[in-house]
file coords-v4.pdb (PDB, C-alpha atoms)
ATOM      1  CA  MET A   1      92.331 114.036 103.909
ATOM      2  CA  ILE A   2      92.036 115.284 100.349
ATOM      3  CA  THR A   3      93.976 118.304  99.105
ATOM      4  CA  PHE A   4      91.763 120.572  96.976
ATOM      5  CA  ASP A   5      93.068 123.110  94.452
ATOM      6  CA  PHE A   6      90.614 124.699  92.042
ATOM      7  CA  LYS A   7      88.714 127.879  91.211
ATOM      8  CA  ASN A   8      85.503 128.475  93.103
ATOM      9  CA  LYS A   9      82.686 128.704  90.540
ATOM     10  CA  ILE A  10      79.077 128.237  91.606
ATOM     11  CA  THR A  11      78.160 126.380  88.391
ATOM     12  CA  ASN A  12      81.235 124.181  88.570
ATOM     13  CA  PRO A  13      80.889 120.636  90.007
ATOM     14  CA  TYR A  14      84.267 120.950  91.726
ATOM     15  CA  SER A  15      82.972 123.761  93.949
ATOM     16  CA  GLN A  16      79.946 121.575  94.752
ATOM     17  CA  MET A  17      82.328 118.766  95.676
ATOM     18  CA  LEU A  18      84.253 121.047  98.031
ATOM     19  CA  LYS A  19      81.036 122.264  99.664
ATOM     20  CA  PHE A  20      79.927 118.711 100.495
ATOM     21  CA  TYR A  21      83.466 117.723 101.552
ATOM     22  CA  LYS A  22      83.643 120.603 104.059
ATOM     23  CA  ARG A  23      80.247 119.639 105.493
ATOM     24  CA  ALA A  24      81.304 116.006 105.886
ATOM     25  CA  LEU A  25      84.657 117.011 107.374
ATOM     26  CA  LYS A  26      82.878 119.198 109.936
ATOM     27  CA  GLU A  27      80.758 116.179 110.904
ATOM     28  CA  ASN A  28      83.919 114.038 111.350
ATOM     29  CA  GLN A  29      83.195 111.663 108.482
ATOM     30  CA  LYS A  30      85.374 108.551 108.800
ATOM     31  CA  TYR A  31      87.487 107.568 105.776
ATOM     32  CA  ILE A  32      86.443 110.742 104.007
ATOM     33  CA  GLU A  33      89.072 110.237 101.280
ATOM     34  CA  ALA A  34      87.868 106.702 100.432
ATOM     35  CA  ALA A  35      86.157 106.276  97.064
ATOM     36  CA  CYS A  36      84.936 103.120  95.372
ATOM     37  CA  LEU A  37      86.750 102.830  92.027
ATOM     38  CA  SER A  38      85.111 100.703  89.325
ATOM     39  CA  THR A  39      86.980  99.331  86.318
ATOM     40  CA  VAL A  40      86.238  96.855  83.543
ATOM     41  CA  SER A  41      88.333  93.736  82.907
ATOM     42  CA  ASN A  42      89.528  92.381  79.555
ATOM     43  CA  SER A  43      86.505  90.055  79.613
ATOM     44  CA  ASN A  44      84.136  93.008  80.227
ATOM     45  CA  LYS A  45      83.479  92.096  83.861
ATOM     46  CA  PRO A  46      83.070  95.008  86.297
ATOM     47  CA  TYR A  47      85.344  95.187  89.362
ATOM     48  CA  SER A  48      85.179  97.618  92.296
ATOM     49  CA  ARG A  49      87.484  98.439  95.185
ATOM     50  CA  PHE A  50      88.172 101.398  97.482
ATOM     51  CA  VAL A  51      91.087 103.756  96.875
ATOM     52  CA  ASN A  52      92.234 106.807  98.819
ATOM     53  CA  ILE A  53      91.836 110.005  96.816
ATOM     54  CA  LYS A  54      94.729 112.355  97.594
ATOM     55  CA  TYR A  55      94.280 115.412  95.347
ATOM     56  CA  PHE A  56      91.294 117.092  93.713
ATOM     57  CA  ASN A  57      91.558 120.013  91.302
ATOM     58  CA  ASP A  58      89.824 121.599  88.289
ATOM     59  CA  ASN A  59      90.878 118.887  85.880
ATOM     60  CA  ARG A  60      91.996 115.840  87.828
ATOM     61  CA  ILE A  61      91.198 113.489  90.700
ATOM     62  CA  ILE A  62      94.416 111.801  91.845
ATOM     63  CA  PHE A  63      95.223 108.591  93.723
ATOM     64  CA  PHE A  64      98.236 106.251  93.860
ATOM     65  CA  SER A  65      98.619 102.529  93.298
ATOM     66  CA  ASN A  66     100.735  99.630  92.063
ATOM     67  CA  TYR A  67     101.069  99.702  88.265
ATOM     68  CA  ASN A  68     101.179  95.871  88.188
ATOM     69  CA  SER A  69      97.910  95.410  90.068
ATOM     70  CA  GLN A  70      94.650  94.009  88.778
ATOM     71  CA  LYS A  71      93.135  97.484  88.540
ATOM     72  CA  ALA A  72      96.178  98.664  86.539
ATOM     73  CA  ASN A  73      95.645  95.845  84.029
ATOM     74  CA  HIS A  74      92.014  96.876  83.672
ATOM     75  CA  ILE A  75      92.970 100.523  83.169
ATOM     76  CA  ASP A  76      95.533  99.584  80.509
ATOM     77  CA  ASN A  77      92.743  97.786  78.644
ATOM     78  CA  ASN A  78      89.961 100.332  79.170
ATOM     79  CA  ASN A  79      90.528 103.773  80.674
ATOM     80  CA  ASN A  80      86.856 104.513  81.333
ATOM     81  CA  VAL A  81      86.267 104.439  85.114
ATOM     82  CA  ALA A  82      83.746 105.489  87.742
ATOM     83  CA  ILE A  83      84.259 106.457  91.374
ATOM     84  CA  ASN A  84      81.755 106.803  94.161
ATOM     85  CA  PHE A  85      81.970 108.575  97.522
ATOM     86  CA  PHE A  86      79.386 107.954 100.253
ATOM     87  CA  TRP A  87      79.463 110.184 103.321
ATOM     88  CA  ASP A  88      76.885 108.787 105.696
ATOM     89  CA  CYS A  89      77.238 111.587 108.245
ATOM     90  CA  ILE A  90      75.588 113.978 105.753
ATOM     91  CA  ASN A  91      73.696 111.247 103.825
ATOM     92  CA  THR A  92      75.336 112.198 100.540
ATOM     93  CA  GLN A  93      76.590 110.116  97.630
ATOM     94  CA  ILE A  94      78.805 111.565  94.887
ATOM     95  CA  ARG A  95      79.169 109.629  91.623
ATOM     96  CA  ILE A  96      81.883 110.588  89.150
ATOM     97  CA  GLU A  97      82.664 109.185  85.703
ATOM     98  CA  GLY A  98      85.649 109.912  83.489
ATOM     99  CA  LYS A  99      88.829 108.705  81.835
ATOM    100  CA  ILE A 100      91.951 107.708  83.770
ATOM    101  CA  TYR A 101      95.651 108.190  82.965
ATOM    102  CA  LYS A 102      99.029 107.721  84.642
ATOM    103  CA  LEU A 103     100.450 110.672  86.550
ATOM    104  CA  SER A 104     103.888 112.023  85.585
ATOM    105  CA  THR A 105     106.951 110.436  87.224
ATOM    106  CA  LYS A 106     107.866 113.835  88.713
ATOM    107  CA  GLN A 107     104.510 114.182  90.490
ATOM    108  CA  SER A 108     104.626 110.561  91.656
ATOM    109  CA  ASP A 109     108.133 111.145  93.055
ATOM    110  CA  LEU A 110     106.970 114.285  94.881
ATOM    111  CA  HIS A 111     104.100 112.424  96.539
ATOM    112  CA  TRP A 112     106.322 109.440  97.412
ATOM    113  CA  GLY A 113     108.689 111.792  99.246
ATOM    114  CA  LYS A 114     105.836 113.033 101.450
ATOM    115  CA  ARG A 115     104.749 109.562 102.538
ATOM    116  CA  ASP A 116     105.545 107.733 105.755
ATOM    117  CA  ASP A 117     108.332 105.106 105.472
ATOM    118  CA  LYS A 118     105.966 102.358 106.630
ATOM    119  CA  LYS A 119     103.597 103.070 103.740
ATOM    120  CA  ASN A 120     106.500 103.113 101.298
ATOM    121  CA  ALA A 121     107.823  99.815 102.655
ATOM    122  CA  LEU A 122     104.441  98.218 102.005
ATOM    123  CA  ALA A 123     104.293  99.648  98.476
ATOM    124  CA  ILE A 124     107.719  98.121  97.742
ATOM    125  CA  SER A 125     107.051  94.764  99.392
ATOM    126  CA  SER A 126     103.573  94.075  97.992
ATOM    127  CA  ASP A 127     102.938  92.323  94.681
ATOM    128  CA  GLN A 128      99.456  93.791  94.838
ATOM    129  CA  SER A 129      96.590  91.424  94.006
ATOM    130  CA  LYS A 130      98.919  88.448  93.394
ATOM    131  CA  LYS A 131      98.442  85.194  95.337
ATOM    132  CA  ALA A 132     100.392  84.992  98.609
ATOM    133  CA  ILE A 133     102.040  81.900 100.138
ATOM    134  CA  SER A 134     100.587  82.914 103.502
ATOM    135  CA  TYR A 135      99.811  86.022 105.532
ATOM    136  CA  SER A 136     102.917  85.407 107.681
ATOM    137  CA  HIS A 137     105.007  85.467 104.493
ATOM    138  CA  VAL A 138     103.441  88.832 103.559
ATOM    139  CA  ARG A 139     104.335  90.228 106.997
ATOM    140  CA  LYS A 140     107.895  88.854 106.914
ATOM    141  CA  LYS A 141     108.568  90.351 103.476
ATOM    142  CA  TYR A 142     107.212  93.712 104.632
ATOM    143  CA  TYR A 143     109.434  93.867 107.733
ATOM    144  CA  ASP A 144     112.485  92.751 105.734
ATOM    145  CA  ILE A 145     111.909  95.608 103.297
ATOM    146  CA  TYR A 146     111.242  98.098 106.101
ATOM    147  CA  LYS A 147     114.515  97.263 107.865
ATOM    148  CA  ASN A 148     116.857  96.744 104.925
ATOM    149  CA  PHE A 149     115.776  98.872 101.936
ATOM    150  CA  ASP A 150     116.284 102.498 100.933
ATOM    151  CA  LEU A 151     112.692 103.671 101.242
ATOM    152  CA  SER A 152     113.340 107.103  99.753
ATOM    153  CA  VAL A 153     113.445 105.752  96.192
ATOM    154  CA  ARG A 154     110.070 105.200  94.517
ATOM    155  CA  PRO A 155     109.846 101.898  92.612
ATOM    156  CA  LYS A 156     108.891 102.255  88.944
ATOM    157  CA  TYR A 157     105.896  99.956  89.437
ATOM    158  CA  TRP A 158     104.225 102.356  91.884
ATOM    159  CA  GLY A 159     102.814 105.777  91.073
ATOM    160  CA  GLY A 160      99.857 108.015  90.536
ATOM    161  CA  TYR A 161      96.738 107.935  88.415
ATOM    162  CA  TYR A 162      94.523 110.862  87.561
ATOM    163  CA  ILE A 163      90.911 110.856  86.456
ATOM    164  CA  ARG A 164      89.581 113.559  84.145
ATOM    165  CA  PRO A 165      85.868 113.699  85.030
ATOM    166  CA  THR A 166      83.133 113.982  82.415
ATOM    167  CA  TYR A 167      80.175 113.492  84.764
ATOM    168  CA  PHE A 168      79.247 114.241  88.401
ATOM    169  CA  GLU A 169      76.090 113.355  90.298
ATOM    170  CA  PHE A 170      75.392 114.698  93.784
ATOM    171  CA  TRP A 171      72.764 112.598  95.571
ATOM    172  CA  GLU A 172      71.327 113.936  98.847
ATOM    173  CA  GLY A 173      69.085 111.612 100.837
ATOM    174  CA  ASN A 174      65.788 113.133 101.935
ATOM    175  CA  LYS A 175      62.613 112.240 103.846
ATOM    176  CA  ASN A 176      60.153 109.922 102.108
ATOM    177  CA  ARG A 177      62.931 109.152  99.616
ATOM    178  CA  ILE A 178      62.326 112.407  97.748
ATOM    179  CA  ASN A 179      66.063 112.518  97.210
ATOM    180  CA  ARG A 180      67.785 115.495  95.614
ATOM    181  CA  ARG A 181      69.925 114.505  92.610
ATOM    182  CA  LYS A 182      71.866 117.178  90.764
ATOM    183  CA  ALA A 183      74.116 116.172  87.865
ATOM    184  CA  PHE A 184      76.838 117.910  85.865
ATOM    185  CA  LYS A 185      77.819 116.654  82.416
ATOM    186  CA  LYS A 186      80.705 117.951  80.327
ATOM    187  CA  GLN A 187      79.551 118.973  76.859
ATOM    188  CA  ASN A 188      81.716 120.889  74.352
ATOM    189  CA  ASN A 189      84.245 121.533  77.097
ATOM    190  CA  LYS A 190      81.613 123.159  79.351
ATOM    191  CA  TRP A 191      79.718 121.821  82.364
ATOM    192  CA  VAL A 192      75.960 121.542  81.912
ATOM    193  CA  SER A 193      73.889 120.975  85.064
ATOM    194  CA  PHE A 194      70.457 119.377  85.468
ATOM    195  CA  PHE A 195      68.340 117.550  88.056
ATOM    196  CA  LEU A 196      67.405 113.852  88.008
ATOM    197  CA  GLN A 197      64.272 112.121  89.282
ATOM    198  CA  PRO A 198      64.774 110.426  92.717
TER     199      PRO A 198
END

call {"tool": "encode", "arguments": {"input": "coords-v4.pdb", "output": "structure tokens"}}
result
Amino acid sequence: MITFDFKNKITNPYSQMLKFYKRALKENQKYIEAACLSTVSNSNKPYSRFVNIKYFNDNRIIFFSNYNSQKANHIDNNNNVAINFFWDCINTQIRIEGKIYKLSTKQSDLHWGKRDDKKNALAISSDQSKKAISYSHVRKKYYDIYKNFDLSVRPKYWGGYYIRPTYFEFWEGNKNRINRRKAFKKQNNKWVSFFLQP
């Protein structure tokens, strides 16, 4: 589930996002919070993976991750990112582009305190994206952490990221592929909307 917190303006892409989210939620969309995050490596190669979006407001889209991961290295090098939601139950794709930054330690601590201990144990035990000796070694390390560590303390290498969007595109699949594509682009600190050809 995603927590939304923003003003409801008809011309604002965030209100459009909430409208589609509510429709998908009503239709029991699986993994509704999952978005494909795309980053660019130091060698200008694109990489994509799914992340769970936790908070959505007027200025920021927030998720949490390991600050030593591959994606974190990409973000340190180039903070331009794109995310993509696809909710098949309503045949809707939402593309978002923007710049990404680290969340404050206070906000990361607050979110950490709300999480289940099992999730926190995994965040502590995982050297995300690094090579593993074996899967059994991964499991053993996780259970050792879960049983023996203070899971209330957030490690410094784990925390939040927030994306400040500059572009939204809402794609709605239609018959005969006459798809409806409405875009919002931020210009001079205001959102300008327009339609795109299918």

call {"tool": "resolve_selection", "arguments": {"input": "coords-v4.pdb", "expression": "the PyMOL selection byres ((chain A and resi 65-72) around 8)", "output": "list in words"}}
result
Thr39, Phe63, Phe64, Asn73, His74, Ile75, Asp76, Ala123, Asp127, Gln128, Ser129, Lys130, Tyr157, Trp158, Gly159, Gly160 and Tyr161 of chain A

call {"tool": "write_last_selection", "arguments": {"input": "coords-v4.pdb", "atoms": "C-alpha atoms", "output": "mmCIF file, in the frame of the given file"}}
result
data_model
loop_
_atom_site.group_PDB
_atom_site.id
_atom_site.type_symbol
_atom_site.label_atom_id
_atom_site.label_comp_id
_atom_site.auth_asym_id
_atom_site.auth_seq_id
_atom_site.Cartn_x
_atom_site.Cartn_y
_atom_site.Cartn_z
ATOM 1 C CA THR A 39 86.980 99.331 86.318
ATOM 2 C CA PHE A 63 95.223 108.591 93.723
ATOM 3 C CA PHE A 64 98.236 106.251 93.860
ATOM 4 C CA ASN A 73 95.645 95.845 84.029
ATOM 5 C CA HIS A 74 92.014 96.876 83.672
ATOM 6 C CA ILE A 75 92.970 100.523 83.169
ATOM 7 C CA ASP A 76 95.533 99.584 80.509
ATOM 8 C CA ALA A 123 104.293 99.648 98.476
ATOM 9 C CA ASP A 127 102.938 92.323 94.681
ATOM 10 C CA GLN A 128 99.456 93.791 94.838
ATOM 11 C CA SER A 129 96.590 91.424 94.006
ATOM 12 C CA LYS A 130 98.919 88.448 93.394
ATOM 13 C CA TYR A 157 105.896 99.956 89.437
ATOM 14 C CA TRP A 158 104.225 102.356 91.884
ATOM 15 C CA GLY A 159 102.814 105.777 91.073
ATOM 16 C CA GLY A 160 99.857 108.015 90.536
ATOM 17 C CA TYR A 161 96.738 107.935 88.415
#

call {"tool": "closest_atom_pairs", "arguments": {"input": "coords-v4.pdb", "of": "region 89-114 of chain A", "to": "region 26-36 of chain A", "cutoff": "12 Å", "atoms": "only C-alpha atoms", "output": "Markdown table"}}
result
| residue | atom | partner | partner_atom | distance |
| --- | --- | --- | --- | --- |
| A:Cys89 | CA | A:Gln29 | CA | 6.0 |
| A:Ile90 | CA | A:Glu27 | CA | 7.6 |
| A:Asn91 | CA | A:Gln29 | CA | 10.6 |
| A:Thr92 | CA | A:Gln29 | CA | 11.2 |
| A:Gln93 | CA | A:Ala35 | CA | 10.3 |
| A:Ile94 | CA | A:Ala35 | CA | 9.3 |
| A:Arg95 | CA | A:Ala35 | CA | 9.5 |
| A:Ile96 | CA | A:Ala35 | CA | 10.0 |
| A:Glu97 | CA | A:Cys36 | CA | 11.6 |

call {"tool": "atom_distance", "arguments": {"input": "coords-v4.pdb", "atom1": "CA of Phe170 (chain A)", "atom2": "CA of Asn188 (chain A)"}}
result
21.4 Å

call {"tool": "atom_distance", "arguments": {"input": "coords-v4.pdb", "atom1": "CA of Lys118 (chain A)", "atom2": "CA of Met1 (chain A)"}}
result
18.2 Å

call {"tool": "closest_residue", "arguments": {"input": "coords-v4.pdb", "among": "A:Thr166, A:Thr105, A:Ser136, A:Ser48", "to": "Tyr14 (chain A)", "atoms": "only C-alpha atoms"}}
result
A:Thr166

call {"tool": "atom_distance", "arguments": {"input": "coords-v4.pdb", "atom1": "CA of Phe184 (chain A)", "atom2": "CA of Val51 (chain A)"}}
result
22.9 Å

call {"tool": "resolve_selection", "arguments": {"input": "coords-v4.pdb", "expression": "the PyMOL selection byres ((chain A and resi 61) around 9)", "output": "MDAnalysis selection string"}}
result
chainID A and resid 53:60 62:63 161:165

call {"tool": "closest_residue", "arguments": {"input": "coords-v4.pdb", "among": "A:Ser15, A:Arg177, A:Arg154, A:Asn52", "to": "Gln107 (chain A)", "atoms": "all atoms listed in the file"}}
result
A:Arg154

call {"tool": "residues_near_point", "arguments": {"input": "coords-v4.pdb", "point": "(82.5, 121.4, 84.3)", "cutoff": "8 Å", "atoms": "all atoms listed in the file", "output": "JSON list (two decimals) with C-alpha atoms, in the coordinates of the input"}}
result
[["chain", "number", "residue", "atom", "x", "y", "z"],
["A", 11, "THR", "CA", 78.16, 126.38, 88.39],
["A", 12, "ASN", "CA", 81.24, 124.18, 88.57],
["A", 13, "PRO", "CA", 80.89, 120.64, 90.01],
["A", 14, "TYR", "CA", 84.27, 120.95, 91.73],
["A", 166, "THR", "CA", 83.13, 113.98, 82.42],
["A", 184, "PHE", "CA", 76.84, 117.91, 85.86],
["A", 185, "LYS", "CA", 77.82, 116.65, 82.42],
["A", 186, "LYS", "CA", 80.70, 117.95, 80.33],
["A", 189, "ASN", "CA", 84.24, 121.53, 77.10],
["A", 190, "LYS", "CA", 81.61, 123.16, 79.35],
["A", 191, "TRP", "CA", 79.72, 121.82, 82.36],
["A", 192, "VAL", "CA", 75.96, 121.54, 81.91]]

call {"tool": "resolve_selection", "arguments": {"input": "coords-v4.pdb", "expression": "the PyMOL selection byres ((chain A and resi 182) around 6)", "output": "number ranges by chain"}}
result
A: 169-170, 181, 183, 194-195

call {"tool": "write_last_selection", "arguments": {"input": "coords-v4.pdb", "atoms": "C-alpha atoms", "output": "compact mmCIF listing (two decimals), keeping the file's coordinate frame"}}
result
# COMPACT_ATOMS: atom_id res chain seq x y z
CA GLU A 169 76.09 113.36 90.30
CA PHE A 170 75.39 114.70 93.78
CA ARG A 181 69.92 114.50 92.61
CA ALA A 183 74.12 116.17 87.86
CA PHE A 194 70.46 119.38 85.47
CA PHE A 195 68.34 117.55 88.06

call {"tool": "closest_residue", "arguments": {"input": "coords-v4.pdb", "among": "A:Tyr142, A:Phe85, A:Asn42, A:Asn148", "to": "Phe20 (chain A)", "atoms": "all atoms listed in the file"}}
result
A:Phe85

call {"tool": "closest_residue", "arguments": {"input": "coords-v4.pdb", "among": "A:Asn174, A:His111, A:Val81, A:Gln197", "to": "Arg49 (chain A)", "atoms": "only C-alpha atoms"}}
result
A:Val81

call {"tool": "closest_residue", "arguments": {"input": "coords-v4.pdb", "among": "A:Asp88, A:Asp116, A:Asp109, A:Asp5", "to": "Pro155 (chain A)", "atoms": "only C-alpha atoms"}}
result
A:Asp109

call {"tool": "closest_residue", "arguments": {"input": "coords-v4.pdb", "among": "A:Leu37, A:Ala121, A:Ile100, A:Ala132", "to": "Asp144 (chain A)", "atoms": "only C-alpha atoms"}}
result
A:Ala121

call {"tool": "decode", "arguments": {"input": "coords-v4.pdb", "residues": "region 26-112 of chain A", "atoms": "C-alpha atoms", "output": "mmCIF file, in the first residue's frame"}}
result
data_model
loop_
_atom_site.group_PDB
_atom_site.id
_atom_site.type_symbol
_atom_site.label_atom_id
_atom_site.label_comp_id
_atom_site.auth_asym_id
_atom_site.auth_seq_id
_atom_site.Cartn_x
_atom_site.Cartn_y
_atom_site.Cartn_z
ATOM 1 C CA LYS A 26 -10.770 -1.296 -5.887
ATOM 2 C CA GLU A 27 -9.970 -3.939 -8.517
ATOM 3 C CA ASN A 28 -7.528 -5.671 -6.107
ATOM 4 C CA GLN A 29 -4.401 -4.954 -8.131
ATOM 5 C CA LYS A 30 -1.552 -7.194 -6.946
ATOM 6 C CA TYR A 31 1.724 -5.500 -5.963
ATOM 7 C CA ILE A 32 0.112 -2.109 -6.409
ATOM 8 C CA GLU A 33 3.063 -0.346 -4.739
ATOM 9 C CA ALA A 34 5.648 -1.921 -7.086
ATOM 10 C CA ALA A 35 7.310 0.429 -9.570
ATOM 11 C CA CYS A 36 10.116 -0.253 -12.013
ATOM 12 C CA LEU A 37 12.976 2.131 -11.180
ATOM 13 C CA SER A 38 15.488 2.886 -13.943
ATOM 14 C CA THR A 39 18.943 4.323 -13.296
ATOM 15 C CA VAL A 40 22.081 4.904 -15.345
ATOM 16 C CA SER A 41 25.467 3.398 -14.459
ATOM 17 C CA ASN A 42 28.863 5.119 -14.513
ATOM 18 C CA SER A 43 29.371 3.627 -17.986
ATOM 19 C CA ASN A 44 26.015 5.048 -19.181
ATOM 20 C CA LYS A 45 24.274 1.666 -19.227
ATOM 21 C CA PRO A 46 20.597 1.634 -18.197
ATOM 22 C CA TYR A 47 19.500 -0.643 -15.332
ATOM 23 C CA SER A 48 15.963 -1.368 -14.103
ATOM 24 C CA ARG A 49 14.522 -3.102 -11.061
ATOM 25 C CA PHE A 50 11.301 -3.008 -9.030
ATOM 26 C CA VAL A 51 11.055 -1.070 -5.773
ATOM 27 C CA ASN A 52 8.148 -0.649 -3.371
ATOM 28 C CA ILE A 53 6.897 2.932 -3.263
ATOM 29 C CA LYS A 54 5.829 3.793 0.290
ATOM 30 C CA TYR A 55 4.805 7.474 0.253
ATOM 31 C CA PHE A 56 3.460 9.830 -2.402
ATOM 32 C CA ASN A 57 2.895 13.545 -1.852
ATOM 33 C CA ASP A 58 2.899 16.896 -3.688
ATOM 34 C CA ASN A 59 6.656 17.029 -4.054
ATOM 35 C CA ARG A 60 8.099 13.580 -3.462
ATOM 36 C CA ILE A 61 7.786 9.875 -4.234
ATOM 37 C CA ILE A 62 9.511 7.889 -1.479
ATOM 38 C CA PHE A 63 10.997 4.394 -1.239
ATOM 39 C CA PHE A 64 13.709 2.776 0.904
ATOM 40 C CA SER A 65 16.847 0.846 0.043
ATOM 41 C CA ASN A 66 20.438 -0.059 0.876
ATOM 42 C CA TYR A 67 22.758 2.920 0.338
ATOM 43 C CA ASN A 68 25.586 0.549 -0.699
ATOM 44 C CA SER A 69 23.590 -1.166 -3.439
ATOM 45 C CA GLN A 70 24.144 -1.027 -7.171
ATOM 46 C CA LYS A 71 21.236 1.376 -7.614
ATOM 47 C CA ALA A 72 22.705 3.642 -4.901
ATOM 48 C CA ASN A 73 26.010 3.800 -6.796
ATOM 49 C CA HIS A 74 24.135 4.764 -9.947
ATOM 50 C CA ILE A 75 22.177 7.457 -8.107
ATOM 51 C CA ASP A 76 25.375 8.893 -6.610
ATOM 52 C CA ASN A 77 26.729 9.221 -10.154
ATOM 53 C CA ASN A 78 23.562 10.456 -11.872
ATOM 54 C CA ASN A 79 20.421 11.470 -9.994
ATOM 55 C CA ASN A 80 18.138 11.465 -13.036
ATOM 56 C CA VAL A 81 15.735 8.501 -12.739
ATOM 57 C CA ALA A 82 12.493 7.158 -14.171
ATOM 58 C CA ILE A 83 9.842 4.960 -12.580
ATOM 59 C CA ASN A 84 7.016 3.048 -14.167
ATOM 60 C CA PHE A 85 3.839 1.572 -12.680
ATOM 61 C CA PHE A 86 1.708 -0.908 -14.635
ATOM 62 C CA TRP A 87 -1.674 -1.867 -13.210
ATOM 63 C CA ASP A 88 -3.037 -4.565 -15.469
ATOM 64 C CA CYS A 89 -6.418 -4.762 -13.738
ATOM 65 C CA ILE A 90 -7.267 -1.304 -15.140
ATOM 66 C CA ASN A 91 -4.875 -1.528 -18.137
ATOM 67 C CA THR A 92 -3.003 1.600 -17.088
ATOM 68 C CA GLN A 93 0.675 2.517 -17.199
ATOM 69 C CA ILE A 94 2.083 5.535 -15.345
ATOM 70 C CA ARG A 95 5.535 6.827 -16.321
ATOM 71 C CA ILE A 96 7.320 9.322 -14.086
ATOM 72 C CA GLU A 97 10.653 11.089 -14.560
ATOM 73 C CA GLY A 98 12.551 13.234 -12.083
ATOM 74 C CA LYS A 99 15.574 13.717 -9.862
ATOM 75 C CA ILE A 100 16.302 11.559 -6.813
ATOM 76 C CA TYR A 101 17.807 12.452 -3.421
ATOM 77 C CA LYS A 102 18.406 10.826 -0.038
ATOM 78 C CA LEU A 103 15.693 11.209 2.582
ATOM 79 C CA SER A 104 16.573 12.780 5.948
ATOM 80 C CA THR A 105 17.877 10.477 8.703
ATOM 81 C CA LYS A 106 14.903 11.474 10.887
ATOM 82 C CA GLN A 107 12.358 10.352 8.280
ATOM 83 C CA SER A 108 14.302 7.152 7.594
ATOM 84 C CA ASP A 109 14.359 6.409 11.341
ATOM 85 C CA LEU A 110 10.599 6.999 11.598
ATOM 86 C CA HIS A 111 9.885 4.564 8.768
ATOM 87 C CA TRP A 112 12.329 1.975 10.158
#
